[in-house]
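Reproduced below: coords_38.txt, with compact mmCIF, C-alpha atoms.
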```
# COMPACT_ATOMS: atom_id res chain seq x y z
CA LEU G 1 36.74 193.74 57.21
CA LYS G 2 38.73 194.39 60.33
CA LYS G 3 35.62 194.22 62.45
CA SER G 4 34.63 190.97 60.81
CA TRP G 5 38.08 189.54 61.48
CA GLU G 6 37.97 190.63 65.10
CA ALA G 7 34.55 189.07 65.51
CA ASP G 8 35.78 185.81 64.02
CA HIS G 9 38.89 185.91 66.16
CA LYS G 10 36.81 186.50 69.27
CA ALA G 11 34.53 183.62 68.37
CA ILE G 12 37.55 181.40 67.93
CA ASP G 13 38.93 182.52 71.30
CA ASP G 14 35.59 181.78 72.96
CA LYS G 15 35.49 178.31 71.46
CA THR G 16 39.09 177.75 72.45
CA SER G 17 38.35 178.80 76.03
CA LYS G 18 35.32 176.53 76.19
CA MET G 19 37.36 173.63 74.83
CA GLN G 20 40.07 174.29 77.39
CA VAL G 21 37.47 174.34 80.17
CA ARG G 22 35.95 171.14 78.82
CA GLN G 23 39.36 169.48 78.58
CA ALA G 24 40.14 170.52 82.14
CA SER G 25 36.83 169.05 83.29
CA GLN G 26 37.46 165.84 81.39
CA GLN G 27 40.96 165.68 82.81
CA GLU G 28 39.54 166.02 86.30
CA VAL G 29 36.97 163.28 85.62
CA LEU G 30 39.70 161.05 84.23
CA MET G 31 41.83 161.58 87.32
CA ASN G 32 38.84 160.76 89.53
CA VAL G 33 38.22 157.58 87.54
CA GLN G 34 41.87 156.60 87.81
CA SER G 35 41.74 157.24 91.56
CA LYS G 36 38.67 155.04 91.94
CA VAL G 37 40.26 152.33 89.81
CA SER G 38 43.27 152.42 92.10
CA GLU G 39 41.00 152.11 95.14
CA VAL G 40 39.19 149.19 93.52
CA ASP G 41 42.51 147.51 92.77
CA GLU G 42 43.61 147.98 96.37
CA ASN G 43 40.29 146.62 97.66
CA LEU G 44 40.53 143.65 95.32
CA GLU G 45 44.05 142.95 96.48
CA LEU G 46 43.02 143.17 100.14
CA THR G 47 39.97 140.99 99.53
CA SER G 48 42.06 138.45 97.66
CA LYS G 49 44.62 138.38 100.46
CA ARG G 50 41.90 138.01 103.10
CA LEU G 51 40.21 135.20 101.17
CA THR G 52 43.54 133.47 100.70
CA ASP G 53 44.30 133.76 104.42
CA GLU G 54 40.83 132.48 105.36
CA LEU G 55 41.06 129.55 102.95
CA THR G 56 44.51 128.71 104.27
CA SER G 57 43.25 128.92 107.85
CA GLN G 58 40.21 126.76 107.07
CA GLY G 59 42.41 124.27 105.26
CA GLU G 60 44.70 124.00 108.28
CA ALA G 61 41.70 123.62 110.59
CA ILE G 62 40.24 120.87 108.41
CA LYS G 63 43.61 119.17 108.27
CA HIS G 64 43.95 119.26 112.07
CA THR G 65 40.38 117.99 112.47
CA VAL G 66 40.98 115.08 110.11
CA GLU G 67 44.26 114.26 111.83
CA ALA G 68 42.57 114.40 115.24
CA LYS G 69 39.78 112.10 114.04
CA ASP G 70 42.32 109.70 112.60
CA GLN G 71 44.19 109.68 115.91
CA ASN G 72 40.96 109.12 117.86
CA GLN G 73 39.96 106.28 115.57
CA GLN G 74 43.41 104.76 115.92
CA LYS G 75 43.20 105.02 119.72
CA LEU G 76 39.71 103.51 119.67
CA LEU G 77 40.94 100.66 117.48
CA GLU G 78 43.92 100.06 119.75
CA GLY G 79 41.61 100.13 122.77
CA MET G 80 39.26 97.59 121.18
CA GLN G 81 42.20 95.37 120.28
CA GLY G 82 43.44 95.58 123.85
CA ARG G 83 40.03 94.68 125.23
CA MET G 84 39.75 91.75 122.81
CA PHE G 85 43.17 90.54 123.94
CA LEU G 86 42.09 90.70 127.58
CA VAL G 87 38.88 88.82 126.78
CA ASP G 88 40.84 86.13 124.95
CA GLU G 89 43.22 85.81 127.90
CA SER G 90 40.30 85.61 130.31
CA LEU G 91 38.61 82.94 128.21
CA ASN G 92 41.83 80.94 127.99
CA ASP G 93 42.32 81.18 131.75
CA THR G 94 38.73 80.10 132.31
CA LYS G 95 39.14 77.12 129.97
CA LYS G 96 42.35 76.15 131.75
CA LYS G 97 40.72 76.37 135.17
CA LEU G 98 37.69 74.41 134.00
CA GLY G 99 40.04 71.73 132.69
CA GLU G 100 41.83 71.60 136.03
CA GLN G 101 38.50 71.42 137.87
CA THR G 102 37.34 68.62 135.57
CA GLU G 103 40.48 66.59 136.28
CA LEU G 104 40.08 67.24 140.00
CA MET G 105 36.45 66.10 139.91
CA LYS G 106 37.39 62.95 138.02
CA THR G 107 39.97 62.15 140.70
CA MET G 108 37.43 62.86 143.43
CA GLU G 109 34.84 60.66 141.73
CA THR G 110 37.36 57.81 141.46
CA ASN G 111 38.37 58.11 145.12
CA LEU G 112 34.76 58.46 146.17
CA ALA G 113 33.75 55.35 144.27
CA LYS G 114 36.57 53.38 145.91
CA ASN G 115 35.65 54.61 149.39
CA VAL G 116 31.96 53.94 148.89
CA ASN G 117 32.59 50.47 147.53
CA THR G 118 34.80 49.72 150.51
CA GLN G 119 32.14 50.98 152.93
CA LEU G 120 29.39 49.04 151.17
CA THR G 121 31.50 45.89 151.25
CA ASP G 122 32.05 46.33 154.98
CA VAL G 123 28.35 46.93 155.54
CA LYS G 124 27.39 43.88 153.50
CA GLU G 125 29.82 41.73 155.45
CA THR G 126 28.40 43.06 158.68
CA LEU G 127 24.86 42.36 157.50
CA ALA G 128 25.81 38.88 156.45
CA LYS G 129 27.22 38.21 159.90
CA LEU G 130 24.16 39.65 161.56
CA GLU G 131 21.76 37.69 159.37
CA SER G 132 23.59 34.49 160.24
CA GLY G 133 22.95 35.16 163.95
CA ASP G 134 19.75 34.74 165.92
CA GLY G 135 16.49 36.69 165.59
CA LYS G 136 17.63 39.28 168.10
CA THR G 137 19.74 40.95 165.43
CA VAL G 138 16.79 41.98 163.19
CA ALA G 139 16.76 45.52 164.58
CA ALA G 140 20.48 45.90 163.96
CA ILE G 141 20.05 44.63 160.39
CA SER G 142 17.26 47.15 159.77
CA LYS G 143 19.45 49.91 161.11
CA GLN G 144 22.30 48.90 158.83
CA ARG G 145 19.99 48.91 155.83
CA ASN G 146 18.83 52.41 156.70
CA GLU G 147 22.44 53.49 156.92
CA ILE G 148 23.06 52.03 153.46
CA ASP G 149 20.13 54.01 152.07
CA GLU G 150 21.50 57.18 153.62
CA ILE G 151 24.93 56.49 152.14
CA LYS G 152 23.38 56.01 148.70
CA GLN G 153 21.52 59.30 149.00
CA LYS G 154 24.71 61.09 150.03
CA ILE G 155 26.50 59.58 147.06
CA GLU G 156 23.79 60.77 144.69
CA ARG G 157 23.91 64.30 146.12
CA LEU G 158 27.69 64.35 145.98
CA GLU G 159 27.76 63.12 142.40
CA ALA G 160 25.24 65.80 141.45
CA SER G 161 27.41 68.48 143.04
CA LEU G 162 30.48 67.23 141.16
CA VAL G 163 28.84 67.61 137.75
CA THR G 164 30.03 70.83 136.10
CA PRO G 165 26.97 72.99 135.38
CA LYS G 166 26.51 74.27 131.85
CA SER G 167 26.03 77.88 130.86
CA MET G 168 23.18 79.12 128.69
CA LEU G 169 25.69 80.63 126.26
CA THR G 170 29.30 80.39 125.19
CA SER G 171 31.29 83.28 123.77
CA ASN G 172 30.77 81.81 120.29
CA SER G 173 27.01 81.41 120.65
CA ASN G 174 24.86 83.08 118.02
CA VAL G 175 23.81 86.59 119.07
CA GLU G 176 20.24 85.46 118.47
CA ASP G 177 20.59 83.12 121.49
CA VAL G 178 20.88 86.09 123.85
CA LYS G 179 17.57 86.41 125.66
CA GLY G 180 15.68 89.40 124.27
CA ILE G 181 17.20 89.35 120.77
CA GLY G 182 15.02 87.77 118.12
CA PRO G 183 15.85 86.75 114.54
CA ASN G 184 15.08 90.19 113.09
CA LYS G 185 17.27 92.11 115.53
CA ALA G 186 19.99 89.48 115.19
CA SER G 187 19.97 89.98 111.42
CA GLU G 188 20.37 93.75 111.85
CA LEU G 189 23.23 93.27 114.32
CA LYS G 190 25.01 90.85 111.99
CA ASN G 191 24.97 93.53 109.30
CA VAL G 192 27.29 95.62 111.50
CA GLY G 193 29.55 92.71 112.44
CA ILE G 194 27.89 91.67 115.71
CA ILE G 195 27.52 87.94 115.13
CA SER G 196 28.27 86.17 118.41
CA ALA G 197 27.53 86.73 122.10
CA SER G 198 31.13 87.86 122.53
CA ASP G 199 30.70 90.43 119.74
CA LEU G 200 27.62 91.80 121.49
CA ILE G 201 29.38 92.10 124.86
CA MET G 202 32.40 93.87 123.34
CA ALA G 203 30.45 96.24 121.05
CA ASP G 204 29.84 99.93 121.67
CA PRO G 205 26.34 100.28 123.24
CA LYS G 206 25.67 103.26 120.97
CA VAL G 207 26.29 101.13 117.88
CA ILE G 208 23.91 98.47 119.21
CA ALA G 209 21.26 101.06 120.06
CA ASP G 210 21.50 102.76 116.65
CA THR G 211 21.34 99.42 114.85
CA MET G 212 18.36 98.12 116.81
CA GLY G 213 16.58 101.46 117.04
CA SER G 214 16.63 101.37 120.83
CA THR G 215 18.25 103.29 123.69
CA GLU G 216 21.80 102.81 124.94
CA LYS G 217 20.32 101.71 128.28
CA THR G 218 18.51 98.85 126.54
CA ALA G 219 21.70 97.94 124.68
CA GLU G 220 23.67 97.84 127.95
CA LYS G 221 20.96 95.66 129.51
CA LEU G 222 21.28 93.15 126.65
CA GLN G 223 25.07 93.14 127.05
CA GLY G 224 24.74 92.50 130.78
CA ARG G 225 22.22 89.73 130.18
CA ALA G 226 24.64 88.05 127.77
CA GLN G 227 27.35 88.26 130.44
CA LEU G 228 25.10 86.51 132.97
CA GLN G 229 24.13 83.83 130.45
CA LEU G 230 27.82 82.93 130.12
CA ILE G 231 28.00 81.95 133.81
CA PRO G 232 27.66 78.17 134.33
CA GLY G 233 24.59 77.15 136.30
CA ILE G 234 22.49 80.26 135.65
CA LYS G 235 19.22 79.22 134.04
CA GLU G 236 16.56 81.32 132.38
CA LYS G 237 14.43 81.52 135.54
CA ASP G 238 17.52 82.50 137.54
CA LEU G 239 18.08 85.30 135.06
CA LEU G 240 14.53 86.52 135.71
CA LEU G 241 15.09 86.53 139.47
CA LEU G 242 18.41 88.38 139.21
CA GLU G 243 16.96 91.05 136.95
CA ASP G 244 14.05 91.52 139.37
CA LEU G 245 16.74 92.30 141.96
CA LYS G 246 18.39 94.82 139.56
CA ILE G 247 21.43 92.57 139.11
CA THR G 248 21.96 92.95 135.39
CA ASP G 249 25.61 92.09 134.73
CA ARG G 250 28.62 90.13 136.00
CA LYS G 251 30.09 93.06 137.91
CA GLU G 252 26.95 93.60 139.98
CA LEU G 253 26.70 89.86 140.66
CA SER G 254 30.34 89.66 141.75
CA LEU G 255 29.72 92.31 144.44
CA GLN G 256 27.02 90.22 146.15
CA ASP G 257 27.36 88.19 149.32
CA PRO G 258 26.11 84.64 148.57
CA ILE G 259 24.01 84.34 151.74
CA GLU G 260 22.43 87.79 151.44
CA LEU G 261 21.78 87.27 147.74
CA GLY G 262 20.27 83.86 148.46
CA GLN G 263 17.89 85.46 150.95
CA LYS G 264 16.87 88.15 148.47
CA ILE G 265 16.36 85.58 145.72
CA ASN G 266 14.27 83.43 148.05
CA ALA G 267 12.03 86.40 148.86
CA ILE G 268 11.51 87.38 145.22
CA PHE G 269 11.11 83.71 144.29
CA LYS G 270 8.11 83.37 146.61
CA ILE G 271 6.45 86.33 144.89
CA ASN G 272 7.06 84.87 141.43
CA LEU G 273 5.93 81.45 142.63
CA ALA G 274 2.63 82.92 143.78
CA LYS G 275 2.22 84.57 140.37
CA GLY G 276 2.93 81.30 138.60
CA LYS G 277 6.05 82.61 136.87
CA VAL G 278 8.26 79.89 138.39
CA ALA G 279 7.87 76.38 139.79
CA GLU G 280 9.21 75.06 143.08
CA ASP G 281 11.92 73.14 141.23
CA ASP G 282 13.22 76.44 139.84
CA ARG G 283 14.29 77.68 143.29
CA PRO G 284 18.11 78.13 143.27
CA THR G 285 20.03 76.79 146.26
CA ILE G 286 22.60 78.68 148.31
CA GLU G 287 25.27 76.41 146.81
CA GLU G 288 24.20 77.36 143.30
CA VAL G 289 24.20 81.07 144.10
CA GLU G 290 27.63 80.75 145.67
CA SER G 291 28.94 78.88 142.61
CA TRP G 292 27.81 81.74 140.31
CA ILE G 293 29.74 84.30 142.32
CA LYS G 294 32.78 82.05 142.72
CA PHE G 295 32.94 81.47 138.97
CA ILE G 296 33.15 85.22 138.33
CA LYS G 297 35.83 85.75 140.97
CA VAL G 298 38.01 82.82 139.91
```
Show this structure as structure tokens.
Amino acid sequence: LKKSWEADHKAIDDKTSKMQVRQASQQEVLMNVQSKVSEVDENLELTSKRLTDELTSQGEAIKHTVEAKDQNQQKLLEGMQGRMFLVDESLNDTKKKLGEQTELMKTMETNLAKNVNTQLTDVKETLAKLESGDGKTVAAISKQRNEIDEIKQKIERLEASLVTPKSMLTSNSNVEDVKGIGPNKASELKNVGIISASDLIMADPKVIADTMGSTEKTAEKLQGRAQLQLIPGIKEKDLLLLEDLKITDRKELSLQDPIELGQKINAIFKINLAKGKVAEDDRPTIEEVESWIKFIKV
């Protein structure tokens, strides 16, 4: 019985030892798990903090970007408003000067008419006296008549020079009237607010190019052409001659010397005349060329 009890007791001790070993092993595993959980918690906390910092940084960057864009747009708007104000002032000054020139020309025409009438009256009286004389005065009468014809021709030329030339466009002209812009392109431009010649001149070339599906260089050429079409006296054939000479806007035209430009135009005119692109009546005079440049510089 004692041996049986000892055997049972030993078996119980063995089981107890095994259970203790197993518990120790489980305890070690549990501690390892707890350690890893702690590491995971720390990593999650660090990751969360990093994500929060990154999101905050990105939010600040986006905020600064939006603010910068708003400021740029505001500056652009202010710049456009300033340019529009300058254009309005320039147009008002031009209208005022044209009005003054018109009044001056009216006065000159009145004075000219008086002077011419006086001269014609004197000539007629002289002719009457000569005609009442003998036959020896026939040559003198003929001479006087020739002088009258010359005076009439001078009057006609002077009157023609006093007439204010018209421009191909005004600032309010439809954008379709700009040479090189047809109805389809005009419709596309109107969709982005470019309705008049003035709108075209003041617009951003990139906007024009994107709208028309062209290059910015083409857009700038159209803007320059519109500028030239606003100058009184410039006709469509004149526009062709100027563009052949690479004069594509008001600024380039204003830098020209009238005599030198007249010589260049005359040379290119002969070439175009030979090709049948222009007629002899289309040849601009030195006075006309000078008036274009003077108008810009006024």
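The nearest approach to Val289 of chain G among the residues G:Asp204, G:Glu147, G:Asp238, G:Asp53, with only C-alpha atoms taken into account, belongs to G:Asp238.
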query: What is the atom CA of Lys152 of chain G-atom CA of Leu120 of chain G distance in Å, reported with one decimal?
result: 9.5 Å
message: Here's a test: counting only C-alpha atoms, identify every protein, DNA and RNA residue with an atom at most 12 Å from (14.3, 75.4, 139.3) in the file's coordinate frame, and state them as an NGL selection string.
response: :G and (233-241 or 266 or 269 or 273 or 277-285 or 288)
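Going from atom CA of Lys264 of chain G to atom CA of Ala219 of chain G covers 26.2 Å.
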message: Taking 3 positions as the minimum chain separation for residues in the same chain, which residues sit within 10 Å of Ala226 of chain G when counting only C-alpha atoms? Answer as a ChimeraX atom specification.
response: /G:168-171,175,177-180,197-198,200-201,220-223,229-231,248-250
task: Just give me the gap between atom CA of Gly213 of chain G and atom CA of Glu188 of chain G in Å, one decimal is fine.
output: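 Straight-line distance from atom CA of Gly213 of chain G to atom CA of Glu188 of chain G works out to 10.0 Å.
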message: I'd like to know which of G:Glu150, G:Met212, G:Asp14, G:Lys246 is closest to Ile181 of chain G, using only C-alpha atoms.
response: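 Of G:Glu150, G:Met212, G:Asp14, G:Lys246, the one nearest Ile181 of chain G is G:Met212, counting only C-alpha atoms.
Residue nearest Glu252 of chain G within the list G:Ile151, G:Val33, G:Ala267, G:Ile296: G:Ile296 [criterion: smallest interatomic distance, all atoms listed in the file].
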Do you know which residues are at most 8 Å from Ala186 of chain G counting all atoms listed in the file, after dropping those on the same chain fewer than 3 positions away, and could you put them as a PDB file with C-alpha atoms, in the frame of the given file?
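File around.pdb, as written:
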```
ATOM      1  CA  VAL G 175      23.810  86.590 119.070  1.00  0.00           C
ATOM      2  CA  GLU G 176      20.240  85.460 118.470  1.00  0.00           C
ATOM      3  CA  ILE G 181      17.200  89.350 120.770  1.00  0.00           C
ATOM      4  CA  GLY G 182      15.020  87.770 118.120  1.00  0.00           C
ATOM      5  CA  PRO G 183      15.850  86.750 114.540  1.00  0.00           C
ATOM      6  CA  LEU G 189      23.230  93.270 114.320  1.00  0.00           C
ATOM      7  CA  LYS G 190      25.010  90.850 111.990  1.00  0.00           C
ATOM      8  CA  ILE G 195      27.520  87.940 115.130  1.00  0.00           C
TER       9      ILE G 195
END
```
